[in-house]
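What follows is the content of model22.csv, which has CSV, C-alpha atoms:
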```csv
chain,number,residue,atom,x,y,z
Y,6,MET,CA,22.4,-43.1,19.9
Y,7,LEU,CA,20.5,-44.8,17.1
Y,8,LYS,CA,22.8,-46.5,14.6
Y,9,ASN,CA,20.6,-45.2,11.7
Y,10,ASP,CA,21.3,-41.6,12.8
Y,11,ILE,CA,25.1,-42.3,13.1
Y,12,SER,CA,25.1,-43.9,9.5
Y,13,LYS,CA,23.3,-40.8,8.2
Y,14,ASP,CA,25.8,-38.5,9.8
Y,15,TYR,CA,28.7,-40.3,8.3
Y,16,ASP,CA,27.0,-40.3,4.9
Y,17,ARG,CA,26.9,-36.5,5.2
Y,18,ILE,CA,30.6,-36.4,6.1
Y,19,PHE,CA,31.7,-38.7,3.3
Y,20,SER,CA,29.4,-37.0,0.7
Y,21,THR,CA,31.0,-33.6,1.5
Y,22,HIS,CA,34.6,-33.2,2.8
Y,23,GLY,CA,35.3,-36.8,3.6
Y,24,LEU,CA,37.8,-38.3,6.1
Y,25,ARG,CA,41.3,-39.2,5.1
Y,26,ALA,CA,45.0,-38.7,6.0
Y,27,GLU,CA,48.1,-38.4,3.8
Y,28,SER,CA,49.0,-41.6,1.9
Y,29,SER,CA,52.3,-41.7,3.8
Y,30,TYR,CA,50.2,-42.4,7.0
Y,31,TYR,CA,48.6,-45.5,5.5
Y,32,LYS,CA,51.9,-46.7,4.2
Y,33,TRP,CA,53.4,-46.4,7.6
Y,34,ILE,CA,50.5,-48.4,9.2
Y,35,ILE,CA,51.0,-51.2,6.7
Y,36,SER,CA,54.7,-51.3,7.4
Y,37,MET,CA,54.0,-52.0,11.0
Y,38,LEU,CA,52.0,-55.1,10.1
Y,39,GLY,CA,54.7,-56.8,7.9
Y,40,ASP,CA,54.6,-58.6,4.6
Y,41,MET,CA,51.3,-58.2,2.8
Y,42,LYS,CA,51.7,-60.7,0.0
Y,43,ASN,CA,48.8,-63.2,-0.1
Y,44,LYS,CA,47.7,-62.0,3.4
Y,45,ALA,CA,44.1,-61.3,4.2
Y,46,LEU,CA,43.6,-57.8,5.6
Y,47,LEU,CA,40.4,-56.4,7.0
Y,48,ASP,CA,39.9,-52.7,7.5
Y,49,ILE,CA,37.0,-52.0,9.9
Y,50,SER,CA,35.4,-48.7,9.4
Y,51,CYS,CA,37.4,-48.4,6.2
Y,52,GLY,CA,36.3,-44.9,5.3
Y,53,GLU,CA,37.6,-43.9,1.8
Y,54,GLY,CA,39.6,-47.1,1.4
Y,55,ILE,CA,43.0,-45.6,1.0
Y,56,LEU,CA,44.7,-48.1,3.3
Y,57,LEU,CA,43.0,-51.0,1.4
Y,58,ALA,CA,44.4,-49.6,-1.9
Y,59,GLU,CA,47.9,-49.4,-0.5
Y,60,ALA,CA,47.7,-52.9,1.0
Y,61,ALA,CA,46.4,-54.3,-2.3
Y,62,LYS,CA,49.4,-52.8,-4.2
Y,63,ARG,CA,51.6,-54.9,-1.9
Y,64,GLY,CA,49.7,-58.1,-2.7
Y,65,ALA,CA,47.2,-58.4,0.1
Y,66,LYS,CA,43.7,-59.7,-0.3
Y,67,THR,CA,41.8,-56.8,1.1
Y,68,PHE,CA,38.4,-56.6,2.8
Y,69,GLY,CA,36.6,-53.5,4.1
Y,70,VAL,CA,33.5,-52.8,6.1
Y,71,ASP,CA,31.9,-49.5,6.9
Y,72,MET,CA,28.4,-48.4,8.1
Y,73,SER,CA,28.3,-45.5,5.6
Y,74,ARG,CA,27.2,-46.2,2.1
Y,75,GLU,CA,28.9,-43.0,0.9
Y,76,ALA,CA,32.2,-44.1,2.4
Y,77,LEU,CA,31.9,-47.4,0.6
Y,78,LYS,CA,31.2,-45.6,-2.7
Y,79,LYS,CA,34.6,-43.9,-2.3
Y,80,THR,CA,36.3,-47.1,-1.3
Y,81,ARG,CA,35.0,-48.8,-4.4
Y,82,ALA,CA,36.5,-46.1,-6.5
Y,83,ASN,CA,39.8,-46.1,-4.6
Y,84,SER,CA,40.2,-49.8,-4.1
Y,85,PRO,CA,38.2,-51.6,-6.8
Y,86,ASP,CA,39.6,-55.1,-6.0
Y,87,SER,CA,38.6,-55.0,-2.3
Y,88,PHE,CA,35.7,-57.1,-1.0
Y,89,LEU,CA,33.4,-54.6,0.7
Y,90,ALA,CA,30.3,-54.9,3.0
Y,91,LEU,CA,28.0,-52.4,4.6
Y,92,SER,CA,28.4,-53.3,8.3
Y,93,ASP,CA,28.5,-51.9,11.8
Y,94,GLY,CA,31.9,-52.3,13.4
Y,95,GLU,CA,30.3,-53.3,16.7
Y,96,LYS,CA,28.9,-56.4,15.1
Y,97,VAL,CA,30.7,-57.1,11.8
Y,98,CYS,CA,28.6,-59.0,9.3
Y,99,LEU,CA,31.2,-61.9,8.9
Y,100,GLY,CA,30.6,-65.3,10.4
Y,101,THR,CA,32.7,-67.4,12.7
Y,102,ARG,CA,34.7,-68.9,9.8
Y,103,ALA,CA,36.1,-65.5,8.7
Y,104,LYS,CA,39.6,-64.9,10.0
Y,105,PHE,CA,42.2,-62.4,9.0
Y,106,ASP,CA,46.0,-62.1,9.1
Y,107,TYR,CA,45.8,-58.4,9.7
Y,108,ILE,CA,43.1,-56.1,10.9
Y,109,THR,CA,43.1,-52.3,11.1
Y,110,CYS,CA,40.8,-49.9,12.8
Y,111,LEU,CA,42.1,-46.4,12.5
Y,112,GLY,CA,40.5,-43.7,14.6
Y,113,SER,CA,37.1,-45.3,14.7
Y,114,LEU,CA,36.5,-47.2,17.9
Y,115,GLU,CA,36.2,-43.9,19.9
Y,116,HIS,CA,33.2,-43.0,17.7
Y,117,TYR,CA,31.2,-46.2,18.4
Y,118,ASN,CA,28.3,-46.3,20.9
Y,119,TYR,CA,30.0,-49.3,22.5
Y,120,PRO,CA,33.7,-49.3,21.6
Y,121,GLU,CA,34.3,-52.4,23.7
Y,122,GLU,CA,32.1,-54.4,21.3
Y,123,GLY,CA,34.1,-53.2,18.4
Y,124,CYS,CA,37.3,-54.2,20.1
Y,125,LYS,CA,36.0,-57.7,20.8
Y,126,GLU,CA,35.1,-58.0,17.1
Y,127,ILE,CA,38.7,-57.3,16.2
Y,128,SER,CA,39.8,-60.1,18.5
Y,129,ARG,CA,37.2,-62.4,17.2
Y,130,LEU,CA,38.1,-61.9,13.6
Y,131,LEU,CA,41.9,-62.1,14.0
Y,132,LYS,CA,43.8,-65.3,13.4
Y,133,PRO,CA,45.7,-66.7,16.4
Y,134,ASP,CA,49.0,-65.5,14.9
Y,135,GLY,CA,47.5,-62.4,13.4
Y,136,LYS,CA,48.3,-58.7,14.0
Y,137,ALA,CA,46.1,-55.7,14.4
Y,138,VAL,CA,46.7,-51.9,14.4
Y,139,VAL,CA,44.2,-49.8,16.4
Y,140,VAL,CA,44.6,-46.0,16.4
Y,141,LEU,CA,42.9,-44.1,19.3
Y,142,PRO,CA,42.9,-40.4,20.4
Y,143,ASN,CA,44.7,-39.0,23.4
Y,144,GLU,CA,42.6,-37.1,25.9
Y,145,PHE,CA,45.8,-35.2,27.1
Y,146,SER,CA,47.3,-34.4,23.7
Y,147,MET,CA,49.4,-31.2,23.6
Y,148,HIS,CA,46.9,-29.8,21.0
Y,149,VAL,CA,44.1,-30.1,23.6
Y,150,LEU,CA,46.2,-28.8,26.5
Y,151,LEU,CA,47.3,-25.7,24.5
Y,152,ASP,CA,43.7,-25.0,23.4
Y,153,VAL,CA,42.5,-25.2,27.0
Y,154,LEU,CA,45.4,-23.0,28.2
Y,155,PHE,CA,45.0,-20.2,25.6
Y,156,LYS,CA,41.3,-20.5,24.7
Y,157,GLY,CA,39.7,-22.0,27.8
Y,158,ARG,CA,38.3,-24.9,25.8
Y,159,SER,CA,39.3,-27.6,23.4
Y,160,GLY,CA,39.7,-26.5,19.8
Y,161,ASP,CA,38.1,-29.7,18.5
Y,162,ASP,CA,34.8,-28.9,16.8
Y,163,GLY,CA,33.6,-32.5,17.4
Y,164,PHE,CA,32.3,-32.8,13.9
Y,165,GLN,CA,31.8,-36.5,14.3
Y,166,ILE,CA,28.6,-37.4,16.1
Y,167,ILE,CA,30.2,-39.4,19.0
Y,168,GLU,CA,33.8,-39.1,20.3
Y,169,LYS,CA,35.3,-40.7,23.4
Y,170,LEU,CA,38.8,-39.7,24.6
Y,171,ALA,CA,41.2,-41.4,27.1
Y,172,SER,CA,44.8,-41.4,28.1
Y,173,PHE,CA,47.4,-43.8,26.8
Y,174,GLY,CA,47.2,-46.0,29.9
Y,175,GLN,CA,43.4,-46.1,29.8
Y,176,TRP,CA,43.3,-47.1,26.1
Y,177,LYS,CA,45.9,-49.8,26.7
Y,178,GLU,CA,43.9,-51.3,29.5
Y,179,PHE,CA,40.7,-51.0,27.4
Y,180,LEU,CA,42.3,-53.0,24.6
Y,181,GLU,CA,43.7,-55.7,26.8
Y,182,VAL,CA,40.4,-56.1,28.7
Y,183,ASN,CA,38.5,-56.5,25.5
Y,184,GLY,CA,40.5,-59.2,23.7
Y,185,LEU,CA,43.7,-57.7,22.5
Y,186,LYS,CA,47.3,-57.7,23.7
Y,187,VAL,CA,49.4,-54.6,23.1
Y,188,LEU,CA,52.8,-55.5,21.6
Y,189,LYS,CA,54.0,-52.0,20.9
Y,190,ALA,CA,52.6,-48.5,20.8
Y,191,TYR,CA,53.6,-45.5,18.7
Y,192,LYS,CA,52.8,-41.8,19.0
Y,193,VAL,CA,51.1,-40.3,16.0
Y,194,ASN,CA,51.1,-36.6,15.2
Y,195,GLU,CA,50.3,-34.8,12.0
Y,196,ARG,CA,53.2,-34.9,9.6
Y,197,PRO,CA,54.7,-31.5,8.7
Y,198,VAL,CA,53.9,-31.0,5.0
Y,199,PHE,CA,55.1,-27.8,3.4
Y,200,LEU,CA,54.0,-28.5,-0.2
Y,201,LYS,CA,50.8,-30.3,-1.2
Y,202,ALA,CA,49.8,-30.8,-4.8
Y,203,GLY,CA,52.6,-28.4,-5.7
Y,204,LYS,CA,51.1,-25.6,-3.5
Y,205,ILE,CA,52.6,-24.1,-0.3
Y,206,ARG,CA,50.5,-24.8,2.7
Y,207,SER,CA,50.2,-22.6,5.8
Y,208,VAL,CA,53.7,-21.8,7.0
Y,209,GLY,CA,52.5,-21.4,10.6
Y,210,LYS,CA,50.8,-24.8,10.5
Y,211,PHE,CA,53.9,-26.3,9.0
Y,212,LEU,CA,56.1,-25.0,11.7
Y,213,ARG,CA,53.6,-26.0,14.5
Y,214,ASN,CA,53.4,-29.5,13.1
Y,215,LEU,CA,57.2,-29.7,12.7
Y,216,CYS,CA,57.6,-29.0,16.4
Y,217,PHE,CA,54.8,-31.3,17.4
Y,218,TYR,CA,56.0,-34.2,15.2
Y,219,TYR,CA,59.5,-34.2,16.5
Y,220,LEU,CA,59.5,-32.6,20.0
Y,221,ILE,CA,56.2,-33.6,21.7
Y,222,PRO,CA,56.8,-36.3,24.4
Y,223,PHE,CA,55.1,-39.7,23.8
Y,224,TYR,CA,52.3,-39.2,26.4
Y,225,PHE,CA,51.2,-35.9,24.9
Y,226,ALA,CA,50.9,-37.2,21.3
Y,227,ARG,CA,47.7,-36.4,19.4
Y,228,THR,CA,46.8,-40.1,18.9
Y,229,PHE,CA,48.4,-43.5,19.6
Y,230,ALA,CA,48.8,-46.4,17.2
Y,231,PHE,CA,48.7,-49.8,19.1
Y,232,LEU,CA,50.1,-52.9,17.4
Y,233,CYS,CA,48.2,-55.8,18.9
Y,234,GLU,CA,47.7,-59.5,18.8
Y,235,LYS,CA,45.0,-61.7,20.3
Y,236,ASN,CA,45.0,-61.7,24.1
Y,237,LYS,CA,44.7,-65.4,24.7
Y,238,ASN,CA,44.2,-64.8,28.4
Y,239,ALA,CA,41.3,-62.3,28.1
```

Translate this file's structure into structure tokens.
Amino acid sequence: MLKNDISKDYDRIFSTHGLRAESSYYKWIISMLGDMKNKALLDISCGEGILLAEAAKRGAKTFGVDMSREALKKTRANSPDSFLALSDGEKVCLGTRAKFDYITCLGSLEHYNYPEEGCKEISRLLKPDGKAVVVLPNEFSMHVLLDVLFKGRSGDDGFQIIEKLASFGQWKEFLEVNGLKVLKAYKVNERPVFLKAGKIRSVGKFLRNLCFYYLIPFYFARTFAFLCEKNKNA
């Protein structure tokens, strides 16, 4: 698919409803990486820049790239001190001298034409002792399995122009073949939130997310967060 078409589609998304999670999610991702003070953090496909804003609060020097101009507009508003660039995650517009202590790529590689190229870019830009967090979706999540069981199809509308799914083992192998070494993996399900902005959310959704968050086995999680370092043997 042409990258110009992909960029336009993400401009459409970010100029309307956008893409973001609860702030607690980004705080949790940052906690996995460690001390932020004076560390250089790059968020690839940074979206609305919420993670960058949280990292900057903790003293990090923050950098973000995204292929959507509309996304970067939101990032500039949310994280004004971050260094930003309009760039494709498959070939990040940073030279060989650019190296980072931390890199994040949250739910984005699966939307690339060539996710293996994006993975190799994370490895290329990571310092030898650096850490990365990559979040990827589970092909066999309980959400998908229940939709297939009761509806005969996945309930995912696929509103993003490209989406690739795989199992935990397939994603782990993918990361390690393409320049990263997985140190630890975490299951990620939507947090149960009863109140948002002082308003009660759907009780049914709250109860469903409560069950999924605490009871769903690891391999049936919605997504996986992989804590990685450079794979020096790749």

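The smallest atom-to-atom distance between Phe179 (chain Y) and any of Y:Gly123, Y:Gly100, Y:Gly23, Y:Gly69, using all atoms listed in the file, is found for Y:Gly123.
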
Residues near Leu46 (chain Y), cut-off 9 Å, all atoms listed in the file, skip fewer than 5 positions along chain, as a list in words: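 The neighbour list is Met41, Leu57, Ala60, Ala65, Lys66, Thr67, Phe68, Gly69, Phe105, Asp106, Tyr107, Ile108 and Thr109 of chain Y.
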
Selected residues written out, C-alpha atoms, as a compact mmCIF listing (two decimals), in the frame of the given file:
```
# COMPACT_ATOMS: atom_id res chain seq x y z
CA MET Y 41 51.30 -58.20 2.80
CA LEU Y 57 43.00 -51.00 1.40
CA ALA Y 60 47.70 -52.90 1.00
CA ALA Y 65 47.20 -58.40 0.10
CA LYS Y 66 43.70 -59.70 -0.30
CA THR Y 67 41.80 -56.80 1.10
CA PHE Y 68 38.40 -56.60 2.80
CA GLY Y 69 36.60 -53.50 4.10
CA PHE Y 105 42.20 -62.40 9.00
CA ASP Y 106 46.00 -62.10 9.10
CA TYR Y 107 45.80 -58.40 9.70
CA ILE Y 108 43.10 -56.10 10.90
CA THR Y 109 43.10 -52.30 11.10
```

Looking at only C-alpha atoms, which of Y:Met147, Y:Leu7, Y:Val97, Y:Ala171 is the one that sits closest to Pro222 (chain Y)?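 The closest residue to Pro222 (chain Y) is Y:Met147.
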
I'd like to know which of Y:Ser146, Y:Ser50, Y:Thr101, Y:Ser12 is closest to Arg25 (chain Y), using only C-alpha atoms.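 Residue with the minimum atom-to-atom distance to Arg25 (chain Y): Y:Ser50.
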
Between Y:Leu47, Y:Ala137, Y:Ile11, Y:Ala61, which one has atoms that come closest to Lys32 (chain Y), using all atoms listed in the file?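 Looking at the shortest contact to Lys32 (chain Y), the residue is Y:Ala61.
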
Selected residue of minimal separation from Lys78 (chain Y) among Y:Asp48, Y:Glu53, Y:Glu168, Y:Asp14, counting all atoms listed in the file: Y:Glu53

Excluding region 180-183 of chain Y and its own-chain neighbours fewer than 6 positions away, which residues fall within 7 Å of it when counting all atoms listed in the file? Please give them as an MDAnalysis selection string. chainID Y and resid 121 124:125 236 239

Any chance you could export the current selection's C-alpha atoms as a PDB file, in the coordinates of the input?
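Saved result, part06.pdb, follows:
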```
ATOM      1  CA  GLU Y 121      34.300 -52.400  23.700  1.00  0.00           C
ATOM      2  CA  CYS Y 124      37.300 -54.200  20.100  1.00  0.00           C
ATOM      3  CA  LYS Y 125      36.000 -57.700  20.800  1.00  0.00           C
ATOM      4  CA  ASN Y 236      45.000 -61.700  24.100  1.00  0.00           C
ATOM      5  CA  ALA Y 239      41.300 -62.300  28.100  1.00  0.00           C
TER       6      ALA Y 239
END
```

For CA of Thr80 (chain Y) and CA of Glu115 (chain Y), quote the distance in Å rounded to one decimal.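 Interatomic distance, CA of Thr80 (chain Y) to CA of Glu115 (chain Y): 21.4 Å.
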